[in-house]
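Shown next: work25.txt, containing compact mmCIF, C-alpha atoms.
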# COMPACT_ATOMS: atom_id res chain seq x y z
CA MET A 1 18.55 10.44 24.80
CA LEU A 2 19.78 8.48 21.83
CA CYS A 3 16.50 6.61 21.38
CA ILE A 4 14.43 9.78 21.00
CA LEU A 5 14.37 11.32 17.56
CA ASN A 6 14.10 15.07 17.33
CA ASN A 7 11.79 15.15 14.36
CA PRO A 8 8.72 12.89 14.36
CA LEU A 9 8.91 12.69 10.55
CA GLU A 10 12.49 11.36 10.68
CA GLN A 11 11.13 7.80 10.91
CA PHE A 12 9.87 8.00 7.32
CA GLU A 13 13.22 8.92 5.77
CA ILE A 14 14.58 6.52 3.20
CA ILE A 15 18.09 5.45 4.16
CA LYS A 16 20.50 3.60 1.89
CA LEU A 17 21.60 0.41 3.63
CA LEU A 18 23.67 -1.20 0.88
CA GLY A 19 24.67 0.30 -2.39
CA ILE A 20 26.42 -0.84 -5.51
CA ASP A 21 27.93 2.14 -7.29
CA ALA A 22 28.66 1.59 -10.93
CA PRO A 23 31.70 3.79 -11.70
CA LEU A 24 31.31 3.40 -15.44
CA LEU A 25 27.81 4.77 -15.25
CA PRO A 26 28.13 7.38 -12.49
CA LEU A 27 24.42 8.13 -12.29
CA ILE A 28 23.40 4.49 -11.97
CA GLU A 29 23.49 2.76 -8.63
CA LEU A 30 21.59 -0.16 -7.18
CA PRO A 31 20.90 0.66 -3.54
CA LEU A 32 19.10 -1.47 -0.98
CA THR A 33 17.18 1.06 1.09
CA ASN A 34 15.16 0.49 4.26
CA LEU A 35 12.05 0.67 2.05
CA GLY A 36 13.38 -2.06 -0.21
CA LEU A 37 14.40 -4.19 2.76
CA TYR A 38 10.92 -4.06 4.31
CA LEU A 39 9.31 -4.83 0.95
CA LEU A 40 11.54 -7.92 0.71
CA ILE A 41 10.64 -8.90 4.30
CA VAL A 42 6.90 -8.60 3.51
CA LEU A 43 7.35 -10.69 0.37
CA GLY A 44 9.28 -13.32 2.33
CA VAL A 45 6.68 -13.45 5.11
CA VAL A 46 3.77 -13.79 2.65
CA ILE A 47 5.42 -16.63 0.72
CA SER A 48 6.88 -18.48 3.73
CA GLY A 49 3.62 -18.02 5.68
CA LEU A 50 1.65 -19.62 2.88
CA VAL A 51 4.11 -22.49 2.45
CA ILE A 52 4.43 -23.20 6.19
CA SER A 53 0.68 -23.11 6.69
CA PHE A 54 0.08 -25.68 3.95
CA ILE A 55 2.71 -28.20 5.13
CA PRO A 56 0.71 -29.61 8.14
CA ALA A 57 -2.39 -29.81 5.92
CA ARG A 58 -0.44 -31.96 3.45
CA ILE A 59 0.57 -34.42 6.15
CA GLY A 60 -2.95 -34.50 7.56
CA ARG A 61 -2.58 -32.47 10.75
CA ASP A 62 -4.70 -29.62 12.07
CA ASN A 63 -3.33 -26.17 11.57
CA SER A 64 -4.81 -23.07 13.15
CA TRP A 65 -2.75 -20.76 10.90
CA LEU A 66 -4.36 -22.35 7.85
CA VAL A 67 -7.80 -21.76 9.41
CA THR A 68 -6.87 -18.09 9.85
CA LEU A 69 -5.82 -17.86 6.20
CA GLU A 70 -9.07 -19.53 5.14
CA SER A 71 -11.04 -17.06 7.25
CA ILE A 72 -9.27 -14.15 5.51
CA TYR A 73 -9.99 -15.81 2.16
CA GLY A 74 -13.68 -16.24 3.02
CA PHE A 75 -13.89 -12.65 4.24
CA LEU A 76 -12.41 -11.32 0.98
CA VAL A 77 -14.62 -13.57 -1.16
CA ASN A 78 -17.65 -12.11 0.68
CA LEU A 79 -16.29 -8.62 0.03
CA VAL A 80 -15.92 -9.28 -3.71
CA ASP A 81 -19.36 -10.95 -3.77
CA SER A 82 -20.98 -7.92 -2.20
CA GLN A 83 -19.21 -5.46 -4.51
CA VAL A 84 -18.71 -7.11 -7.89
CA ALA A 85 -20.88 -10.29 -7.65
CA ILE A 86 -19.96 -13.37 -9.67
CA ALA A 87 -18.16 -11.42 -12.43
CA GLY A 88 -15.52 -10.38 -9.94
CA HIS A 89 -14.54 -13.87 -8.77
CA ILE A 90 -11.75 -13.97 -11.34
CA TYR A 91 -10.12 -11.02 -9.52
CA ILE A 92 -10.15 -12.65 -6.06
CA PRO A 93 -6.44 -13.73 -6.19
CA ALA A 94 -5.45 -10.16 -7.07
CA ILE A 95 -7.63 -8.73 -4.28
CA ILE A 96 -6.14 -11.20 -1.77
CA ALA A 97 -2.57 -10.35 -2.88
CA LEU A 98 -3.29 -6.61 -2.57
CA PHE A 99 -4.88 -7.05 0.87
CA SER A 100 -2.04 -9.24 2.20
CA PHE A 101 0.59 -6.83 0.92
CA ILE A 102 -0.99 -3.69 2.40
CA LEU A 103 -1.97 -5.40 5.67
CA LEU A 104 1.52 -6.79 6.27
CA CYS A 105 3.20 -3.50 5.32
CA ASN A 106 0.93 -1.68 7.78
CA LEU A 107 1.49 -4.24 10.55
CA PHE A 108 5.28 -4.33 10.07
CA GLY A 109 5.26 -0.56 10.40
CA LEU A 110 3.79 -0.91 13.90
CA ILE A 111 6.81 -2.81 15.20
CA PRO A 112 8.88 -0.26 17.16
CA TYR A 113 11.96 1.02 15.29
CA SER A 114 10.80 -0.59 12.07
CA TYR A 115 9.86 1.19 8.88
CA THR A 116 6.38 1.89 7.48
CA VAL A 117 6.45 1.18 3.77
CA THR A 118 2.86 2.34 3.21
CA ALA A 119 3.65 5.80 4.60
CA GLN A 120 5.49 6.58 1.36
CA PHE A 121 3.26 8.50 -1.03
CA ALA A 122 5.27 7.26 -4.02
CA LEU A 123 4.34 3.67 -3.19
CA THR A 124 0.67 4.15 -2.28
CA LEU A 125 -0.02 6.59 -5.13
CA GLY A 126 1.80 4.20 -7.47
CA LEU A 127 -0.49 1.39 -6.30
CA SER A 128 -3.66 3.45 -6.53
CA PHE A 129 -2.86 4.90 -9.98
CA THR A 130 -1.99 1.38 -11.19
CA VAL A 131 -5.38 0.16 -9.97
CA LEU A 132 -7.27 3.05 -11.60
CA LEU A 133 -5.39 2.85 -14.92
CA GLY A 134 -5.84 -0.94 -14.88
CA VAL A 135 -9.61 -0.75 -14.35
CA THR A 136 -9.85 1.98 -17.02
CA ILE A 137 -8.05 -0.24 -19.56
CA LEU A 138 -10.33 -3.11 -18.51
CA GLY A 139 -13.44 -0.93 -18.98
CA LEU A 140 -12.29 0.27 -22.40
CA GLN A 141 -11.59 -3.33 -23.45
CA ARG A 142 -14.97 -4.58 -22.20
CA HIS A 143 -17.22 -1.75 -23.38
CA GLY A 144 -15.27 0.19 -26.00
CA VAL A 145 -16.55 3.74 -26.47
CA HIS A 146 -19.57 3.01 -24.25
CA PHE A 147 -17.17 2.99 -21.31
CA PHE A 148 -17.38 6.80 -21.29
CA SER A 149 -21.04 6.56 -20.26
CA ILE A 150 -19.56 6.15 -16.77
CA LEU A 151 -19.13 9.95 -16.89
CA VAL A 152 -22.87 10.53 -17.34
CA PRO A 153 -25.06 9.40 -14.42
CA ALA A 154 -28.34 7.76 -15.40
CA GLY A 155 -31.31 10.14 -15.74
CA THR A 156 -29.27 13.30 -16.25
CA PRO A 157 -31.11 16.11 -18.12
CA LEU A 158 -29.46 16.80 -21.49
CA VAL A 159 -28.68 20.41 -20.57
CA LEU A 160 -26.56 19.35 -17.63
CA VAL A 161 -24.58 16.66 -19.49
CA PRO A 162 -21.56 18.86 -20.50
CA LEU A 163 -21.17 20.13 -16.94
CA LEU A 164 -21.62 16.70 -15.37
CA VAL A 165 -19.09 15.09 -17.71
CA VAL A 166 -16.42 17.51 -16.50
CA ILE A 167 -17.35 16.99 -12.85
CA GLU A 168 -17.51 13.21 -13.19
CA ALA A 169 -14.17 13.12 -15.06
CA ILE A 170 -12.51 15.07 -12.26
CA SER A 171 -14.11 12.84 -9.62
CA TYR A 172 -13.02 9.72 -11.56
CA LEU A 173 -9.40 10.90 -11.62
CA ALA A 174 -9.56 12.06 -8.00
CA ARG A 175 -10.37 8.48 -6.96
CA ALA A 176 -6.75 7.47 -7.62
CA ILE A 177 -5.37 10.34 -5.56
CA SER A 178 -7.80 9.81 -2.69
CA LEU A 179 -7.16 6.06 -2.63
CA GLY A 180 -3.39 6.49 -2.26
CA VAL A 181 -3.41 9.57 -0.06
CA ARG A 182 -5.95 8.02 2.35
CA LEU A 183 -3.64 5.09 3.10
CA SER A 184 -0.43 7.13 3.42
CA ALA A 185 -2.02 9.95 5.39
CA ASN A 186 -3.53 7.53 7.91
CA MET A 187 -0.21 5.75 8.38
CA ILE A 188 1.81 8.98 8.68
CA SER A 189 -0.61 10.65 11.09
CA GLY A 190 -0.86 7.58 13.31
CA HIS A 191 2.88 7.03 13.53
CA VAL A 192 3.62 10.70 14.11
CA LEU A 193 1.02 10.80 16.89
CA LEU A 194 2.51 7.67 18.50
CA LYS A 195 5.98 9.21 18.27
CA ILE A 196 4.92 12.52 19.82
CA ILE A 197 2.90 10.94 22.63
CA SER A 198 5.67 8.45 23.44
CA THR A 199 8.28 11.22 23.54
CA PHE A 200 6.11 13.30 25.87
CA SER A 201 5.37 10.25 28.03
CA TRP A 202 9.05 9.42 28.38
CA GLN A 203 9.90 13.01 29.28
CA PHE A 204 7.03 13.09 31.81
CA ILE A 205 8.09 9.81 33.43
CA THR A 206 11.79 10.70 33.67
CA GLY A 207 11.27 14.39 34.40
CA SER A 208 10.08 14.44 38.02
CA ILE A 209 9.03 12.31 40.97
CA LEU A 210 5.38 12.98 40.04
CA GLY A 211 6.08 11.37 36.68
CA VAL A 212 7.37 8.23 38.38
CA ILE A 213 4.18 7.96 40.46
CA LEU A 214 1.70 8.85 37.71
CA GLY A 215 3.76 7.46 34.84
CA PHE A 216 1.33 4.63 34.21
CA LEU A 217 -1.32 7.09 32.93
CA PRO A 218 0.50 8.14 29.71
CA VAL A 219 1.61 4.54 29.22
CA LEU A 220 -2.03 3.43 29.41
CA PHE A 221 -2.98 6.12 26.93
CA LEU A 222 -0.13 5.09 24.64
CA THR A 223 -1.27 1.47 24.79
CA ALA A 224 -4.82 2.50 23.85
CA LEU A 225 -3.45 4.60 20.98
CA TYR A 226 -1.35 1.67 19.78
CA ALA A 227 -4.44 -0.56 19.79
CA LEU A 228 -6.23 2.11 17.75
CA GLU A 229 -3.36 2.17 15.26
CA LEU A 230 -3.57 -1.62 14.99
CA GLY A 231 -7.22 -1.21 14.07
CA VAL A 232 -6.39 1.55 11.57
CA ALA A 233 -3.73 -0.66 9.94
CA ILE A 234 -6.27 -3.46 9.36
CA LEU A 235 -9.08 -1.07 8.40
CA GLN A 236 -7.00 0.81 5.83
CA ALA A 237 -5.99 -2.44 4.10
CA TYR A 238 -9.68 -3.39 4.02
CA VAL A 239 -10.74 0.04 2.71
CA PHE A 240 -8.13 -0.10 -0.06
CA VAL A 241 -9.35 -3.46 -1.39
CA LEU A 242 -13.01 -2.52 -0.84
CA LEU A 243 -12.61 0.57 -3.04
CA THR A 244 -10.58 -1.41 -5.59
CA ALA A 245 -13.46 -3.91 -5.81
CA SER A 246 -15.92 -1.02 -6.06
CA TYR A 247 -13.97 0.54 -8.97
CA LEU A 248 -13.87 -2.88 -10.66
CA ASN A 249 -17.64 -3.11 -10.28
CA ASP A 250 -18.08 0.37 -11.79
CA VAL A 251 -16.20 -0.54 -14.98
CA LEU A 252 -17.57 -4.08 -15.26
CA SER A 253 -21.24 -3.19 -14.92
CA LEU A 254 -21.30 0.54 -15.98
CA HIS A 255 -24.10 1.72 -13.64
CA MET B 1 0.31 -23.26 -11.44
CA ALA B 2 2.45 -25.61 -9.36
CA PHE B 3 4.36 -23.96 -6.56
CA LEU B 4 7.20 -25.71 -4.68
CA GLY B 5 5.69 -29.11 -5.34
CA PHE B 6 2.20 -28.19 -4.20
CA ARG B 7 -0.99 -29.04 -6.03
CA ARG B 8 -1.66 -27.33 -9.34
CA PHE B 9 -4.56 -24.89 -9.28
CA PRO B 10 -6.14 -23.74 -12.55
CA THR B 11 -5.95 -20.12 -11.39
CA PRO B 12 -6.00 -17.72 -14.33
CA ILE B 13 -3.30 -15.08 -13.96
CA ILE B 14 -2.83 -13.46 -17.35
CA LYS B 15 -6.53 -13.29 -18.22
CA PRO B 16 -7.73 -11.13 -15.31
CA MET B 17 -4.46 -9.31 -14.65
CA TRP B 18 -3.35 -8.14 -18.08
CA PRO B 19 -4.76 -4.56 -17.71
CA PHE B 20 -2.85 -4.19 -14.46
CA MET B 21 0.28 -5.67 -16.05
CA ILE B 22 0.11 -2.89 -18.63
CA SER B 23 -0.75 -0.13 -16.17
CA GLY B 24 1.97 -1.12 -13.67
CA PRO B 25 5.01 -0.40 -15.90
CA ILE B 26 3.36 2.80 -17.23
CA ILE B 27 2.88 4.15 -13.70
CA LEU B 28 6.38 2.98 -12.71
CA TYR B 29 7.86 4.90 -15.64
CA LEU B 30 5.86 8.04 -14.79
CA LEU B 31 6.91 7.82 -11.11
CA HIS B 32 10.52 7.48 -12.26
CA LYS B 33 10.17 10.61 -14.41
CA ILE B 34 8.65 12.54 -11.48
CA GLU B 35 11.45 11.32 -9.21
CA LYS B 36 14.11 12.42 -11.70
CA ALA B 37 12.44 15.80 -12.09
CA GLY B 38 12.30 16.21 -8.31
CA GLN B 39 15.98 15.34 -7.92
CA SER B 40 17.08 18.10 -10.27
CA VAL B 41 15.16 20.95 -8.59
CA PRO B 42 17.58 23.44 -6.88
CA PRO B 43 17.00 22.79 -3.14
CA PHE B 44 17.33 19.04 -3.60
CA ASP B 45 19.89 18.71 -6.40
CA THR B 46 22.83 19.22 -4.03
CA ASP B 47 21.30 17.40 -1.06
CA PRO B 48 23.76 14.77 0.21
CA ARG B 49 20.89 12.28 0.58
CA ASN B 50 20.27 12.57 -3.15
CA PRO B 51 22.59 10.17 -5.02
CA ARG B 52 22.61 12.44 -8.07
CA GLY B 53 23.39 15.43 -5.84
CA MET B 54 26.18 13.45 -4.22
CA TYR B 55 27.81 12.93 -7.59
CA ARG B 56 27.33 16.57 -8.57
CA ILE B 57 29.25 17.73 -5.46

Would you give me this structure, written as structure tokens?
Amino acid sequence: MLCILNNPLEQFEIIKLLGIDAPLLPLIELPLTNLGLYLLIVLGVVISGLVISFIPARIGRDNSWLVTLESIYGFLVNLVDSQVAIAGHIYIPAIIALFSFILLCNLFGLIPYSYTVTAQFALTLGLSFTVLLGVTILGLQRHGVHFFSILVPAGTPLVLVPLLVVIEAISYLARAISLGVRLSANMISGHVLLKIISTFSWQFITGSILGVILGFLPVLFLTALYALELGVAILQAYVFVLLTASYLNDVLSLH
Amino acid sequence: MAFLGFRRFPTPIIKPMWPFMISGPIILYLLHKIEKAGQSVPPFDTDPRNPRGMYRI
């Protein structure tokens, strides 16, 4: 079967779609890969979605899409309120941009035969390290040397301080890795599971007469699994921005 | 910031985002260095999917 891939991880391979080779500089080329294409699609959908949703509002007509966007906005404002309080309101546009980007990348990945951008560790780790380095710079700018008190939990006995500083420093750096790996690992595992189950289902349905009769069972299971992956896609975008807001709160309030 | 003729909103962009604007290029540069290092390791340096390997062949 042409439509069945042999390796479930083949769907995450980066393929060059268009490439401009520069013969004068043989090691420089400007390729458009499937990853780049889906990033451009997500960017286009975010911008055109916003513009299209605001046009009926400008001419005084009701618009359910705008209500949806406002609901997402209200939901994220509540999230920032619960995590960072009023000091974090200035970061709401950044949180909304991050949430929209990750959510749309995750959802686009669920379209069959499309590409999951957020399954690439380079992208998610890049995002998470950018967030952690950004909040560290912010903390150093706000609190100066006192920022390092984040490494000593309140009420620590003096004897334990050297040990706890090392442990807290490792845990602080591990936040960036866990934030990026959590998103990618969830996307990869979900898509690989969908791929394996769908391949087995197809082989079961086309393999024998029993498969034709009972073929609806694996299809039902696959549908349930797909619904679960839809939930995971939304939940992971939420978890990413929730933890980003939590890290912002840590550096803004220092305990 | 006016966008495509829409209403201007006094949304601060530089003020809250400057730490992330610094950290973004730093992380991008480090990722690029890691990518370059990965491309020159023996099993992958002659891989046809690797543009540098393609040129080396």

* To do: Up to 8 Å from chain B, what residues of chain A turn up? Count only C-alpha atoms and give them as a PyMOL selection string.
  => chain A and resi 26-27+90-91+94+122+126+129-131+133-135+137-138

Query raised in the report: Counting only C-alpha atoms, which residues come within 12 Å of (-5.6, -15.0, 6.8), with the point read in the file's coordinates, and could you list them as an MDAnalysis selection string?
Result: chainID A and resid 46 49:50 53 64:76 96:97 99:101 103:104 234

Kindly export the residues of the current selection with C-alpha atoms, as a CSV table (one decimal), in the frame of the given file.
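out.csv, written as the output of this step:
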chain,number,residue,atom,x,y,z
A,46,VAL,CA,3.8,-13.8,2.6
A,49,GLY,CA,3.6,-18.0,5.7
A,50,LEU,CA,1.6,-19.6,2.9
A,53,SER,CA,0.7,-23.1,6.7
A,64,SER,CA,-4.8,-23.1,13.2
A,65,TRP,CA,-2.8,-20.8,10.9
A,66,LEU,CA,-4.4,-22.4,7.8
A,67,VAL,CA,-7.8,-21.8,9.4
A,68,THR,CA,-6.9,-18.1,9.8
A,69,LEU,CA,-5.8,-17.9,6.2
A,70,GLU,CA,-9.1,-19.5,5.1
A,71,SER,CA,-11.0,-17.1,7.2
A,72,ILE,CA,-9.3,-14.2,5.5
A,73,TYR,CA,-10.0,-15.8,2.2
A,74,GLY,CA,-13.7,-16.2,3.0
A,75,PHE,CA,-13.9,-12.6,4.2
A,76,LEU,CA,-12.4,-11.3,1.0
A,96,ILE,CA,-6.1,-11.2,-1.8
A,97,ALA,CA,-2.6,-10.4,-2.9
A,99,PHE,CA,-4.9,-7.0,0.9
A,100,SER,CA,-2.0,-9.2,2.2
A,101,PHE,CA,0.6,-6.8,0.9
A,103,LEU,CA,-2.0,-5.4,5.7
A,104,LEU,CA,1.5,-6.8,6.3
A,234,ILE,CA,-6.3,-3.5,9.4

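For the pair atom CA of A:Leu163 and atom CA of A:Arg182, the interatomic distance is 27.4 Å.
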
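Put simply, atom CA of A:Val239 is 26.4 Å away from atom CA of A:Gln141.
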
Fill in: Residue contacts of stretch 169-173 of chain A (12 Å, only C-alpha atoms) excluding same-chain residues fewer than 2 positions away, as a list in words
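Everything that qualifies: Ser128, Phe129, Val131, Leu132, Leu133, Val135, Thr136, Phe148, Ser149, Ile150, Leu151, Val152, Pro153, Val161, Pro162, Leu163, Leu164, Val165, Val166, Ile167, Arg175, Ala176, Ile177, Ser178, Leu179, Gly180, Tyr247, Asp250 and Val251 of chain A.
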
For this session: Rounded to one decimal place, report the atom CA of A:Gly19-atom CA of A:Gly36 distance in Å.
Result: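 Atom-to-atom, atom CA of A:Gly19 and atom CA of A:Gly36 are spaced 11.7 Å apart.
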
Got a sec to check which residues sit within 10 Å of (1.5, 13.3, 34.4), counting all atoms listed in the file, and write them as a PDB file with C-alpha atoms, in the coordinates of the input?
ATOM      1  CA  PHE A 200       6.110  13.300  25.870  1.00  0.00           C
ATOM      2  CA  SER A 201       5.370  10.250  28.030  1.00  0.00           C
ATOM      3  CA  GLN A 203       9.900  13.010  29.280  1.00  0.00           C
ATOM      4  CA  PHE A 204       7.030  13.090  31.810  1.00  0.00           C
ATOM      5  CA  ILE A 205       8.090   9.810  33.430  1.00  0.00           C
ATOM      6  CA  GLY A 207      11.270  14.390  34.400  1.00  0.00           C
ATOM      7  CA  SER A 208      10.080  14.440  38.020  1.00  0.00           C
ATOM      8  CA  LEU A 210       5.380  12.980  40.040  1.00  0.00           C
ATOM      9  CA  GLY A 211       6.080  11.370  36.680  1.00  0.00           C
ATOM     10  CA  VAL A 212       7.370   8.230  38.380  1.00  0.00           C
ATOM     11  CA  ILE A 213       4.180   7.960  40.460  1.00  0.00           C
ATOM     12  CA  LEU A 214       1.700   8.850  37.710  1.00  0.00           C
ATOM     13  CA  GLY A 215       3.760   7.460  34.840  1.00  0.00           C
ATOM     14  CA  PHE A 216       1.330   4.630  34.210  1.00  0.00           C
ATOM     15  CA  LEU A 217      -1.320   7.090  32.930  1.00  0.00           C
ATOM     16  CA  PRO A 218       0.500   8.140  29.710  1.00  0.00           C
TER      17      PRO A 218
END

Enclose all atoms of stretch 27-32 of chain B listed in the file in an axis-aligned box, grow every side by 8 Å, and hand back centre and edge lengths in Å to one decimal, as lines of an AutoDock Vina configuration file.
center_x = 6.7
center_y = 5.5
center_z = -13.4
size_x = 23.6
size_y = 21.1
size_z = 20.5

Fill-in result for stretch 59-86 of chain A, N, CA and C atoms as a CSV table (one decimal), keeping the file's coordinate frame:
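To be explicit, this is the file written out as result-v6.csv:
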chain,number,residue,atom,x,y,z
A,59,ILE,N,0.3,-33.2,5.4
A,59,ILE,CA,0.6,-34.4,6.2
A,59,ILE,C,-0.6,-34.8,7.1
A,60,GLY,N,-1.7,-34.1,6.9
A,60,GLY,CA,-3.0,-34.5,7.6
A,60,GLY,C,-3.1,-34.1,9.0
A,61,ARG,N,-2.5,-33.0,9.4
A,61,ARG,CA,-2.6,-32.5,10.8
A,61,ARG,C,-3.4,-31.2,10.8
A,62,ASP,N,-4.0,-30.9,11.9
A,62,ASP,CA,-4.7,-29.6,12.1
A,62,ASP,C,-3.7,-28.4,12.1
A,63,ASN,N,-4.2,-27.3,11.6
A,63,ASN,CA,-3.3,-26.2,11.6
A,63,ASN,C,-4.2,-24.9,11.7
A,64,SER,N,-4.0,-24.3,12.9
A,64,SER,CA,-4.8,-23.1,13.2
A,64,SER,C,-4.4,-21.9,12.2
A,65,TRP,N,-3.2,-21.9,11.8
A,65,TRP,CA,-2.8,-20.8,10.9
A,65,TRP,C,-3.5,-20.9,9.6
A,66,LEU,N,-3.7,-22.1,9.1
A,66,LEU,CA,-4.4,-22.4,7.8
A,66,LEU,C,-5.8,-21.9,8.0
A,67,VAL,N,-6.4,-22.2,9.2
A,67,VAL,CA,-7.8,-21.8,9.4
A,67,VAL,C,-7.9,-20.2,9.4
A,68,THR,N,-6.9,-19.6,9.9
A,68,THR,CA,-6.9,-18.1,9.8
A,68,THR,C,-6.8,-17.6,8.4
A,69,LEU,N,-6.0,-18.2,7.6
A,69,LEU,CA,-5.8,-17.9,6.2
A,69,LEU,C,-7.1,-18.1,5.5
A,70,GLU,N,-7.8,-19.2,5.8
A,70,GLU,CA,-9.1,-19.5,5.1
A,70,GLU,C,-10.1,-18.5,5.5
A,71,SER,N,-10.1,-18.1,6.8
A,71,SER,CA,-11.0,-17.1,7.2
A,71,SER,C,-10.8,-15.8,6.5
A,72,ILE,N,-9.6,-15.4,6.3
A,72,ILE,CA,-9.3,-14.2,5.5
A,72,ILE,C,-9.8,-14.3,4.1
A,73,TYR,N,-9.5,-15.5,3.5
A,73,TYR,CA,-10.0,-15.8,2.2
A,73,TYR,C,-11.5,-15.7,2.1
A,74,GLY,N,-12.2,-16.3,3.0
A,74,GLY,CA,-13.7,-16.2,3.0
A,74,GLY,C,-14.2,-14.8,3.2
A,75,PHE,N,-13.5,-14.1,4.0
A,75,PHE,CA,-13.9,-12.6,4.2
A,75,PHE,C,-13.7,-11.8,2.9
A,76,LEU,N,-12.6,-12.1,2.2
A,76,LEU,CA,-12.4,-11.3,1.0
A,76,LEU,C,-13.3,-11.8,-0.1
A,77,VAL,N,-13.7,-13.1,-0.1
A,77,VAL,CA,-14.6,-13.6,-1.2
A,77,VAL,C,-16.0,-12.9,-0.9
A,78,ASN,N,-16.4,-12.8,0.4
A,78,ASN,CA,-17.6,-12.1,0.7
A,78,ASN,C,-17.6,-10.7,0.2
A,79,LEU,N,-16.4,-10.0,0.4
A,79,LEU,CA,-16.3,-8.6,0.0
A,79,LEU,C,-16.5,-8.5,-1.5
A,80,VAL,N,-15.8,-9.3,-2.2
A,80,VAL,CA,-15.9,-9.3,-3.7
A,80,VAL,C,-17.4,-9.6,-4.1
A,81,ASP,N,-18.0,-10.6,-3.5
A,81,ASP,CA,-19.4,-11.0,-3.8
A,81,ASP,C,-20.3,-9.8,-3.6
A,82,SER,N,-20.1,-9.0,-2.5
A,82,SER,CA,-21.0,-7.9,-2.2
A,82,SER,C,-20.7,-6.8,-3.1
A,83,GLN,N,-19.5,-6.6,-3.7
A,83,GLN,CA,-19.2,-5.5,-4.5
A,83,GLN,C,-19.4,-5.8,-6.0
A,84,VAL,N,-18.8,-6.9,-6.5
A,84,VAL,CA,-18.7,-7.1,-7.9
A,84,VAL,C,-19.6,-8.3,-8.3
A,85,ALA,N,-20.1,-9.1,-7.4
A,85,ALA,CA,-20.9,-10.3,-7.6
A,85,ALA,C,-20.0,-11.3,-8.4
A,86,ILE,N,-20.6,-12.2,-9.1
A,86,ILE,CA,-20.0,-13.4,-9.7
A,86,ILE,C,-18.9,-13.0,-10.7
